[in-house]
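What follows is the content of structure_15.txt (compact mmCIF, C-alpha atoms).
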```
# COMPACT_ATOMS: atom_id res chain seq x y z
CA MET A 1 -116.87 32.03 56.74
CA GLY A 2 -114.83 29.14 55.37
CA LEU A 3 -113.04 31.44 52.87
CA VAL A 4 -112.16 33.88 55.63
CA ALA A 5 -110.70 31.07 57.75
CA ILE A 6 -108.54 29.85 54.86
CA MET A 7 -107.20 33.33 54.13
CA ALA A 8 -106.34 33.89 57.82
CA ALA A 9 -104.47 30.59 57.95
CA CYS A 10 -102.34 31.35 54.91
CA GLN A 11 -101.28 34.90 55.65
CA GLU A 12 -97.56 35.69 56.15
CA ARG A 13 -96.43 37.07 59.50
CA LEU A 14 -93.23 38.84 58.53
CA THR A 15 -92.60 40.34 61.93
CA SER A 16 -93.13 37.12 63.90
CA PRO A 17 -90.58 34.32 64.53
CA ALA A 18 -90.74 31.46 62.07
CA GLU A 19 -92.83 28.47 62.98
CA CYS A 20 -91.22 25.89 60.74
CA PRO A 21 -89.34 23.22 62.67
CA GLU A 22 -89.08 21.06 59.54
CA LEU A 23 -86.89 23.74 57.89
CA CYS A 24 -84.62 24.61 60.83
CA PRO A 25 -81.20 23.08 61.67
CA GLY A 26 -81.38 20.22 64.06
CA GLY A 27 -78.01 20.74 65.81
CA SER A 28 -75.14 23.13 66.45
CA ALA A 29 -71.97 23.76 64.43
CA GLN A 30 -68.96 21.71 65.52
CA VAL A 31 -65.30 22.38 64.69
CA PHE A 32 -62.78 19.53 64.53
CA ASP A 33 -59.00 19.24 64.21
CA THR A 34 -57.26 16.39 62.44
CA ILE A 35 -53.67 15.50 61.55
CA VAL A 36 -53.06 14.07 58.08
CA PRO A 37 -49.54 12.67 57.46
CA ALA A 38 -47.97 12.66 54.01
CA VAL A 39 -48.44 9.53 51.92
CA PRO A 40 -45.77 7.04 53.05
CA ASN A 41 -42.72 6.81 50.76
CA ARG A 42 -44.24 9.36 48.39
CA ASP A 43 -42.45 12.49 49.60
CA SER A 44 -39.25 13.13 47.69
CA SER A 45 -36.35 15.54 47.17
CA PHE A 46 -34.98 16.30 43.73
CA THR A 47 -31.62 17.96 43.11
CA GLY A 48 -29.99 19.82 40.24
CA TYR A 49 -32.33 22.69 39.41
CA VAL A 50 -29.89 25.63 39.77
CA GLY A 51 -26.16 24.93 39.90
CA ARG A 52 -23.56 26.66 42.04
CA GLY A 53 -22.90 30.04 40.46
CA GLY A 54 -26.16 29.90 38.52
CA GLY A 55 -28.16 31.90 41.07
CA VAL A 56 -28.73 35.62 41.42
CA ALA A 57 -25.80 36.00 43.85
CA LEU A 58 -22.57 34.37 45.00
CA LEU A 59 -21.73 33.51 48.59
CA VAL A 60 -18.61 34.63 50.47
CA SER A 61 -18.15 33.87 54.15
CA ASP A 62 -15.56 33.33 56.83
CA GLY A 63 -16.30 30.93 59.65
CA SER A 64 -20.06 31.44 59.39
CA ALA A 65 -22.17 28.84 61.17
CA ALA A 66 -24.29 28.47 58.04
CA SER A 67 -21.41 27.72 55.63
CA ASP A 68 -17.85 28.70 54.68
CA ASP A 69 -17.60 29.97 51.08
CA ARG A 70 -15.30 31.67 48.57
CA ALA A 71 -16.48 33.45 45.40
CA ILE A 72 -14.78 33.23 42.00
CA TYR A 73 -14.94 35.53 38.98
CA ARG A 74 -13.23 35.06 35.62
CA PHE A 75 -13.31 38.00 33.22
CA ALA A 76 -13.36 38.08 29.45
CA PRO A 77 -9.86 38.29 27.93
CA ARG A 78 -8.20 41.68 27.76
CA THR A 79 -6.73 42.35 24.33
CA ASP A 80 -3.00 43.03 24.09
CA SER A 81 -3.48 45.88 21.63
CA VAL A 82 -5.97 48.58 20.62
CA ARG A 83 -7.01 49.37 17.06
CA VAL A 84 -6.43 53.02 16.16
CA ARG A 85 -6.96 54.19 12.57
CA ASP A 86 -7.07 50.60 11.34
CA THR A 87 -3.78 49.80 13.03
CA LEU A 88 -3.29 47.69 16.16
CA ARG A 89 -1.36 49.68 18.74
CA THR A 90 0.23 48.56 21.98
CA TYR A 91 -0.58 50.33 25.21
CA THR A 92 0.60 50.95 28.75
CA VAL A 93 -1.68 50.31 31.72
CA ASP A 94 -2.01 53.39 33.92
CA SER A 95 -4.60 52.04 36.36
CA ALA A 96 -7.24 49.37 36.78
CA VAL A 97 -10.53 49.13 38.63
CA ILE A 98 -12.22 45.97 39.83
CA GLY A 99 -15.83 46.60 40.75
CA LEU A 100 -18.09 44.36 42.85
CA THR A 101 -21.74 44.53 43.85
CA LEU A 102 -22.58 43.90 47.48
CA VAL A 103 -26.03 42.32 47.39
CA ALA A 104 -26.53 41.66 51.10
CA ARG A 105 -24.68 41.40 54.39
CA ASP A 106 -25.43 41.01 58.07
CA THR A 107 -26.06 44.65 58.92
CA ASN A 108 -25.26 43.99 62.58
CA VAL A 109 -21.64 43.05 61.82
CA ASN A 110 -18.94 45.72 61.54
CA GLY A 111 -15.38 45.74 60.25
CA LEU A 112 -16.14 44.03 56.94
CA ARG A 113 -13.22 43.73 54.53
CA VAL A 114 -13.19 41.95 51.16
CA PHE A 115 -9.89 40.48 49.90
CA LEU A 116 -9.24 39.90 46.20
CA TYR A 117 -6.71 37.27 45.07
CA ARG A 118 -5.37 36.32 41.66
CA LEU A 119 -6.40 32.84 40.52
CA PRO A 120 -5.29 30.70 37.56
CA PRO A 121 -6.96 31.93 34.36
CA THR A 122 -8.11 28.39 33.58
CA ILE A 123 -10.31 28.07 36.66
CA ASP A 124 -13.77 26.69 35.90
CA SER A 125 -16.78 24.88 37.36
CA THR A 126 -14.66 21.93 38.51
CA ALA A 127 -13.12 24.10 41.24
CA THR A 128 -13.65 22.97 44.83
CA PHE A 129 -13.06 24.58 48.19
CA ALA A 130 -10.06 22.32 48.76
CA SER A 131 -8.47 23.41 45.47
CA VAL A 132 -9.23 27.13 45.71
CA ASP A 133 -8.75 28.09 49.36
CA PRO A 134 -4.99 27.31 49.45
CA LEU A 135 -4.52 29.73 46.52
CA LEU A 136 -5.94 32.67 48.45
CA VAL A 137 -2.64 33.62 50.09
CA ASP A 138 -0.51 36.78 50.34
CA PRO A 139 1.65 36.21 47.21
CA ALA A 140 -1.55 36.19 45.14
CA LEU A 141 -3.19 39.15 46.92
CA ILE A 142 -4.37 41.88 44.55
CA ASP A 143 -5.94 44.26 47.05
CA SER A 144 -8.64 44.54 49.70
CA ILE A 145 -11.77 46.65 49.98
CA VAL A 146 -12.79 48.12 53.31
CA VAL A 147 -16.60 48.24 53.38
CA PRO A 148 -17.93 51.05 55.61
CA ASP A 149 -20.28 49.86 58.33
CA SER A 150 -22.97 52.13 56.88
CA VAL A 151 -22.88 50.40 53.47
CA ASN A 152 -25.32 47.49 53.43
CA SER A 153 -25.51 46.99 49.66
CA GLY A 154 -24.41 48.53 46.39
CA ALA A 155 -21.23 49.03 44.39
CA ILE A 156 -17.77 48.67 45.96
CA ASN A 157 -14.44 48.69 44.15
CA THR A 158 -10.68 48.83 44.35
CA VAL A 159 -8.45 51.07 42.22
CA LEU A 160 -4.94 49.93 41.31
CA ARG A 161 -2.64 52.68 40.05
CA GLY A 162 0.74 52.48 38.36
CA ALA A 163 2.89 49.65 39.66
CA ASP A 164 0.06 48.34 41.83
CA ALA A 165 -1.69 47.21 38.65
CA ASP A 166 1.14 44.73 38.13
CA ARG A 167 -0.37 42.65 40.93
CA LEU A 168 -3.03 41.64 38.45
CA GLY A 169 -0.38 39.55 36.72
CA LEU A 170 -1.39 40.82 33.29
CA VAL A 171 0.92 42.43 30.75
CA PRO A 172 0.21 43.47 27.15
CA GLY A 173 1.10 40.59 24.88
CA GLY A 174 0.99 38.10 27.74
CA ASP A 175 -1.69 36.16 29.55
CA SER A 176 -4.74 38.44 29.31
CA VAL A 177 -7.36 36.53 31.31
CA LEU A 178 -7.91 37.76 34.86
CA ALA A 179 -9.55 35.45 37.40
CA ILE A 180 -10.02 36.43 41.01
CA GLY A 181 -11.09 34.78 44.24
CA LEU A 182 -12.86 36.55 47.12
CA ARG A 183 -12.68 35.97 50.83
CA ILE A 184 -13.73 38.21 53.72
CA VAL A 185 -12.97 39.05 57.32
CA ALA A 186 -15.03 41.01 59.86
CA ASP A 187 -15.23 41.61 63.57
CA VAL A 188 -17.05 38.27 63.94
CA PRO A 189 -17.61 35.31 61.60
CA THR A 190 -20.13 36.32 58.96
CA GLY A 191 -21.01 36.19 55.26
CA ILE A 192 -22.00 38.36 52.34
CA ARG A 193 -23.70 37.86 49.01
CA VAL A 194 -22.19 39.47 45.92
CA GLY A 195 -23.46 39.97 42.39
CA SER A 196 -23.53 37.35 39.65
CA ILE A 197 -24.00 37.00 35.90
CA VAL A 198 -27.59 35.78 36.37
CA GLY A 199 -28.28 38.70 38.68
CA THR A 200 -26.88 41.08 35.96
CA ASN A 201 -24.58 42.65 38.55
CA ALA A 202 -21.44 40.53 38.35
CA ALA A 203 -17.95 41.93 38.88
CA THR A 204 -16.35 44.22 36.30
CA PHE A 205 -12.73 44.79 35.33
CA THR A 206 -11.69 48.05 33.66
CA SER A 207 -8.17 49.01 32.55
CA TYR A 208 -7.26 52.65 31.83
CA VAL A 209 -4.48 52.68 29.27
CA THR A 210 -2.26 54.98 27.25
CA VAL A 211 -2.09 53.88 23.62
CA ASP A 212 1.23 54.07 21.81
CA VAL A 213 0.27 56.84 19.34
CA PRO A 214 1.50 60.43 19.09
CA ASP A 215 -2.02 61.86 19.44
CA THR A 216 -3.35 63.27 22.64
CA GLY A 217 -6.81 63.16 24.19
CA LEU A 218 -9.36 60.40 23.73
CA VAL A 219 -7.42 58.49 21.09
CA ARG A 220 -4.35 58.15 23.28
CA ASN A 221 -6.16 57.66 26.60
CA GLN A 222 -8.67 54.84 26.50
CA SER A 223 -10.36 52.31 28.76
CA LEU A 224 -10.76 48.60 28.24
CA SER A 225 -13.75 47.17 30.08
CA ARG A 226 -14.20 43.46 30.61
CA ALA A 227 -17.30 41.81 32.03
CA THR A 228 -17.46 38.60 34.02
CA GLU A 229 -17.34 35.61 31.71
CA PHE A 230 -17.68 32.94 34.39
CA ASN A 231 -18.58 33.00 38.08
CA THR A 232 -19.19 30.52 40.86
CA PHE A 233 -18.49 29.96 44.52
CA VAL A 234 -17.11 27.04 46.45
CA THR A 235 -18.19 25.87 49.89
CA ARG A 236 -16.27 23.94 52.49
CA GLU A 237 -19.06 21.47 53.31
CA PRO A 238 -21.56 21.18 50.44
CA LEU A 239 -25.02 19.97 51.36
CA VAL A 240 -25.39 16.36 50.23
CA PRO A 241 -29.03 15.22 50.02
CA VAL A 242 -30.00 12.01 51.83
CA ASP A 243 -32.75 9.79 50.46
CA SER A 244 -34.38 9.35 53.85
CA LEU A 245 -34.81 13.11 54.35
CA LEU A 246 -36.29 16.07 52.46
CA THR A 247 -33.65 18.57 51.33
CA VAL A 248 -34.60 22.07 50.23
CA GLY A 249 -31.97 24.57 49.06
CA GLY A 250 -28.24 24.07 48.69
CA GLU A 251 -26.29 24.11 45.45
CA PRO A 252 -27.02 22.62 43.07
CA SER A 253 -30.42 23.41 44.50
CA SER A 254 -32.86 20.82 45.80
CA ARG A 255 -36.66 20.98 45.94
CA ALA A 256 -39.11 18.78 47.80
CA LEU A 257 -42.36 17.27 46.56
CA ILE A 258 -44.84 16.23 49.26
CA ARG A 259 -47.97 14.21 48.48
CA PHE A 260 -51.12 13.78 50.57
CA GLY A 261 -54.12 11.47 50.25
CA LEU A 262 -57.26 13.09 51.67
CA SER A 263 -60.28 10.86 51.01
CA ASP A 264 -63.18 11.92 48.80
CA ALA A 265 -65.50 11.35 51.76
CA PHE A 266 -63.61 13.90 53.82
CA LEU A 267 -63.30 16.43 51.00
CA ASP A 268 -67.02 16.15 50.21
CA SER A 269 -68.31 16.44 53.76
CA ALA A 270 -65.92 18.93 55.39
CA THR A 271 -65.67 22.68 55.24
CA VAL A 272 -61.96 23.46 55.65
CA VAL A 273 -61.49 26.39 58.01
CA ARG A 274 -57.72 26.27 58.13
CA ALA A 275 -54.94 23.98 56.89
CA THR A 276 -51.31 24.19 57.95
CA LEU A 277 -48.37 22.25 56.52
CA GLU A 278 -46.00 21.24 59.32
CA LEU A 279 -42.36 20.36 58.61
CA LEU A 280 -39.95 19.06 61.23
CA PRO A 281 -36.29 20.12 60.74
CA ALA A 282 -33.83 17.24 60.83
CA ARG A 283 -31.18 19.69 62.02
CA PRO A 284 -31.14 23.41 62.87
CA ILE A 285 -31.78 25.60 59.82
CA LEU A 286 -29.12 28.32 59.78
CA GLY A 287 -28.98 31.45 57.65
CA LEU A 288 -27.41 34.90 57.45
CA PRO A 289 -28.95 37.31 59.98
CA THR A 290 -30.79 40.30 58.45
CA ASP A 291 -30.73 38.60 55.03
CA PRO A 292 -33.95 36.57 55.00
CA THR A 293 -34.56 33.44 52.96
CA LEU A 294 -38.06 32.55 51.74
CA LEU A 295 -39.65 29.12 51.80
CA ASP A 296 -41.73 28.97 48.61
CA THR A 297 -44.68 26.53 48.78
CA ARG A 298 -46.70 26.00 45.60
CA LEU A 299 -49.67 23.98 44.46
CA VAL A 300 -48.76 21.23 41.99
CA LEU A 301 -50.77 21.26 38.77
CA GLY A 302 -49.66 17.88 37.47
CA ASP A 303 -47.69 15.29 39.41
CA ILE A 304 -44.89 13.98 37.20
CA GLY A 305 -42.13 13.96 39.78
CA ALA A 306 -39.13 16.28 39.54
CA LYS A 307 -40.55 18.17 36.55
CA SER A 308 -44.06 18.59 37.93
CA PRO A 309 -45.60 21.87 36.74
CA VAL A 310 -46.53 24.20 39.59
CA THR A 311 -48.95 27.10 39.77
CA VAL A 312 -48.03 30.70 39.06
CA ASP A 313 -51.32 31.91 40.53
CA PRO A 314 -50.41 33.89 43.68
CA THR A 315 -53.61 32.61 45.29
CA PHE A 316 -51.98 29.20 45.62
CA ILE A 317 -48.41 30.29 46.41
CA GLN A 318 -47.23 30.83 49.97
CA PHE A 319 -43.99 32.64 50.86
CA ASP A 320 -42.74 32.28 54.43
CA THR A 321 -39.63 33.95 55.83
CA LEU A 322 -37.27 31.59 57.60
CA PRO A 323 -35.49 33.09 60.62
CA PRO A 324 -31.66 32.95 60.73
CA VAL A 325 -31.90 30.08 63.23
CA GLN A 326 -34.85 27.70 63.02
CA THR A 327 -35.04 24.62 65.22
CA ASP A 328 -38.77 24.36 65.85
CA THR A 329 -41.46 23.04 63.52
CA VAL A 330 -41.86 25.07 60.33
CA ARG A 331 -45.51 25.89 59.69
CA VAL A 332 -46.91 26.99 56.33
CA GLU A 333 -50.48 28.19 55.73
CA VAL A 334 -51.96 26.07 52.91
CA THR A 335 -55.72 26.53 53.42
CA ARG A 336 -56.44 27.64 49.87
CA MET A 337 -54.42 24.77 48.44
CA VAL A 338 -56.50 22.21 50.35
CA GLN A 339 -59.67 24.02 49.28
CA ALA A 340 -58.44 23.73 45.69
CA TRP A 341 -58.19 19.96 46.17
CA GLN A 342 -61.83 20.01 47.26
CA ALA A 343 -62.83 21.96 44.17
CA SER A 344 -61.26 19.50 41.72
CA ARG A 345 -60.55 15.84 42.31
CA ALA A 346 -58.37 15.77 39.18
CA ARG A 347 -55.85 18.09 40.82
CA PRO A 348 -53.03 16.19 42.60
CA GLN A 349 -52.88 16.60 46.36
CA SER A 350 -49.24 17.70 46.24
CA VAL A 351 -47.10 20.73 47.07
CA PHE A 352 -43.59 21.70 45.96
CA LEU A 353 -41.11 23.40 48.31
CA THR A 354 -38.27 25.67 47.17
CA LEU A 355 -35.91 28.07 48.93
CA ARG A 356 -35.55 31.57 47.47
CA PRO A 357 -33.16 32.91 46.26
CA GLU A 358 -32.33 29.52 44.82
CA ALA A 359 -28.65 28.45 44.92
CA ALA A 360 -27.85 31.92 46.24
CA SER A 361 -28.69 31.71 49.93
CA PHE A 362 -26.79 30.68 53.02
CA THR A 363 -29.89 28.86 54.28
CA ARG A 364 -30.16 25.13 53.63
CA ALA A 365 -33.12 23.20 55.00
CA VAL A 366 -33.39 19.48 55.74
CA PHE A 367 -36.73 18.13 56.94
CA GLY A 368 -37.96 14.78 58.15
CA SER A 369 -39.82 12.57 55.69
CA THR A 370 -42.06 9.53 55.83
CA ARG A 371 -38.85 7.49 55.64
CA SER A 372 -37.44 9.04 58.83
CA PRO A 373 -39.81 8.02 61.64
CA SER A 374 -37.39 9.18 64.32
CA ILE A 375 -37.77 12.78 63.11
CA GLY A 376 -41.34 12.87 61.88
CA ALA A 377 -43.03 13.09 58.51
CA PRO A 378 -44.56 16.19 56.91
CA ARG A 379 -48.20 16.54 57.92
CA LEU A 380 -51.29 18.65 57.48
CA ARG A 381 -53.08 20.05 60.50
CA ILE A 382 -56.63 20.72 59.32
CA THR A 383 -59.37 22.56 61.20
CA TYR A 384 -62.76 21.83 59.63
CA GLN A 385 -66.53 21.73 60.08
CA ARG A 386 -68.80 18.88 59.15
CA SER A 387 -71.81 19.58 56.93
CA PHE A 388 -74.54 21.14 59.08
CA PRO A 389 -77.16 18.52 60.16
CA PHE A 390 -80.63 19.68 59.09
CA GLU A 391 -83.74 18.00 60.56
CA THR A 392 -85.75 15.68 58.42
CA PRO A 393 -89.31 17.08 57.92
```

Take the structure from the file and write it as structure tokens.
Amino acid sequence: MGLVAIMAACQERLTSPAECPELCPGGSAQVFDTIVPAVPNRDSSFTGYVGRGGGVALLVSDGSAASDDRAIYRFAPRTDSVRVRDTLRTYTVDSAVIGLTLVARDTNVNGLRVFLYRLPPTIDSTATFASVDPLLVDPALIDSIVVPDSVNSGAINTVLRGADADRLGLVPGGDSVLAIGLRIVADVPTGIRVGSIVGTNAATFTSYVTVDVPDTGLVRNQSLSRATEFNTFVTREPLVPVDSLLTVGGEPSSRALIRFGLSDAFLDSATVVRATLELLPARPILGLPTDPTLLDTRLVLGDIGAKSPVTVDPTFIQFDTLPPVQTDTVRVEVTRMVQAWQASRARPQSVFLTLRPEAASFTRAVFGSTRSPSIGAPRLRITYQRSFPFETP
């Protein structure tokens, strides 16, 4: 009888509710929100990553609210003679073609026209808007390119035939370096982005010539192609970083490093449901409509300031499209980055911000920092759960 009683007491009842209060949770799940500001005086901007003209495109604009810019190309020298049968021969220029690549434009704007002007062949990276813009006048005009409203990107060019090629200011035996400046007009103030050396789609300059030889055909009729040797653009009001603010973008480009200091106690006891980085613009962020700019937010692998290595793992990279006009708080999803901080205490609690395409975008962002209390510091808005409270047996 005793054995039967013991066996009945120990049997499992798989279809019955559990009777084990010592093993059951002693409360209900609770979700909390908290705001974590950046570490005071530890958020910084660093400048000089990509210089003007070193990006994947050049900027050209006319009265745009974002910026006012002029593009510059300088081609490799054109030789004053052509070697035929081991002999240098002179030639006559029949026509010339200058080709450009339209990378992007505001597709809502019509009546776009690109003007090409001759610039001094010695122009270089020291050029400024104040020194270049006065040179873009009628006596230096080479030609203009009417861009059809249906063309949003791709190759555009101008062809100069016969005497029109003289407007290039080049003659065999004379100054053989062609440099040009670009400006635009349209139905309303706007901007475009054109190709660059880094983007492998910079301007090209091709001369079709007749060589001074009695032969006919390919020997007599030749083309001399010259690639862009130098390119840049100049802007009327360059973005000048301020120490009390966080600057992202511009040219030379700036990046921002933001540091946080979540406690070990919080990281150990909280389950992060969502984390959002909030940035407060110090001024309206303006860009080119229909040509989006991306805010690139990356996890920092080692915090050594301006040269801090950042992740290339897409899991911890967040791309967010900035609208052409941004005045409200910019919010970036960084949940996985905060969870990575929980997984390893050795990893710095820092993120790096960059604008893409770097030094090739009309968008320039300036955010408040911990040194600008009137604007507001970067902060994390974290939604989390505390560890579930189990009852003590």

Using all atoms listed in the file, collect all residues at a distance of at most 8 Å from (-45.2, 24.2, 64.5) as written in the file, then present them as a compact mmCIF listing (two decimals) with C-alpha atoms, keeping the file's coordinate frame.
```txt
# COMPACT_ATOMS: atom_id res chain seq x y z
CA GLU A 278 -46.00 21.24 59.32
CA LEU A 279 -42.36 20.36 58.61
CA ASP A 328 -38.77 24.36 65.85
CA THR A 329 -41.46 23.04 63.52
CA VAL A 330 -41.86 25.07 60.33
CA ARG A 331 -45.51 25.89 59.69
```

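Reported to one decimal place, the separation of atom CA of A:Arg236 from atom CA of A:Asn110 is 23.7 Å.
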
Within 8 Å of stretch 103-106 of chain A using all atoms listed in the file, minus same-chain residues under 4 positions, as a CSV table (one decimal) with C-alpha atoms, in the coordinates of the input:
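Once written, selection.csv looks like this:
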```csv
chain,number,residue,atom,x,y,z
A,57,ALA,CA,-25.8,36.0,43.8
A,152,ASN,CA,-25.3,47.5,53.4
A,153,SER,CA,-25.5,47.0,49.7
A,154,GLY,CA,-24.4,48.5,46.4
A,190,THR,CA,-20.1,36.3,59.0
A,191,GLY,CA,-21.0,36.2,55.3
A,192,ILE,CA,-22.0,38.4,52.3
A,193,ARG,CA,-23.7,37.9,49.0
A,194,VAL,CA,-22.2,39.5,45.9
A,195,GLY,CA,-23.5,40.0,42.4
A,288,LEU,CA,-27.4,34.9,57.4
A,289,PRO,CA,-29.0,37.3,60.0
A,290,THR,CA,-30.8,40.3,58.4
A,291,ASP,CA,-30.7,38.6,55.0
```

What's around A:Asn231 at 6 Å? Count all atoms listed in the file, leave out sequence neighbours fewer than 2 positions away in its own chain, and write the answer as a PyMOL selection string. chain A and resi 53+72-73

Residues within 10 Å of A:Leu294, please, as an MDAnalysis selection string. Count all atoms listed in the file; anything in the same chain fewer than 2 positions from it doesn't count. chainID A and resid 292 296:297 318:323 354:358 361 363

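All residues of protein, DNA or RNA that reach within 6 Å of stretch 335-345 of chain A, judged by all atoms listed in the file and not counting those fewer than 3 positions away in the chain, are A:Leu267, A:Arg274, A:Ala275, A:Phe316.
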
Long-range neighbours of A:Thr90 as a short mmCIF file (atom, residue, chain, number, x, y, z; two decimals) with C-alpha atoms, in the coordinates of the input, 9 Å cut-off, all atoms listed in the file, 3 positions minimum in chain:
```
data_model
loop_
_atom_site.label_atom_id
_atom_site.label_comp_id
_atom_site.auth_asym_id
_atom_site.auth_seq_id
_atom_site.Cartn_x
_atom_site.Cartn_y
_atom_site.Cartn_z
CA ASP A 80 -3.00 43.03 24.09
CA SER A 81 -3.48 45.88 21.63
CA VAL A 82 -5.97 48.58 20.62
CA ARG A 83 -7.01 49.37 17.06
CA PRO A 172 0.21 43.47 27.15
CA GLY A 173 1.10 40.59 24.88
CA THR A 210 -2.26 54.98 27.25
CA VAL A 211 -2.09 53.88 23.62
CA ASP A 212 1.23 54.07 21.81
CA VAL A 213 0.27 56.84 19.34
#
```

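Take the candidates A:Asp149, A:Asp94, A:Asp166, A:Glu251 and check each one against A:Leu112 using all atoms listed in the file; the shortest distance goes to A:Asp149.
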
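Shortest atom-to-atom contact with A:Leu353 among A:Ala365, A:Ile156, A:Val240, A:Arg379: A:Ala365, counting only C-alpha atoms.
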
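The gap separating atom CA of A:Val188 from atom CA of A:Ser64 is 8.7 Å, in Å to one decimal.
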
When you draw a straight line from atom CA of A:Gly99 to atom CA of A:Gly250, how long is it in Å? 26.9 Å

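Nearest residue to A:Ser67 among A:Leu170, A:Leu102, A:Ala227, A:Leu239 is A:Leu239, counting all atoms listed in the file.
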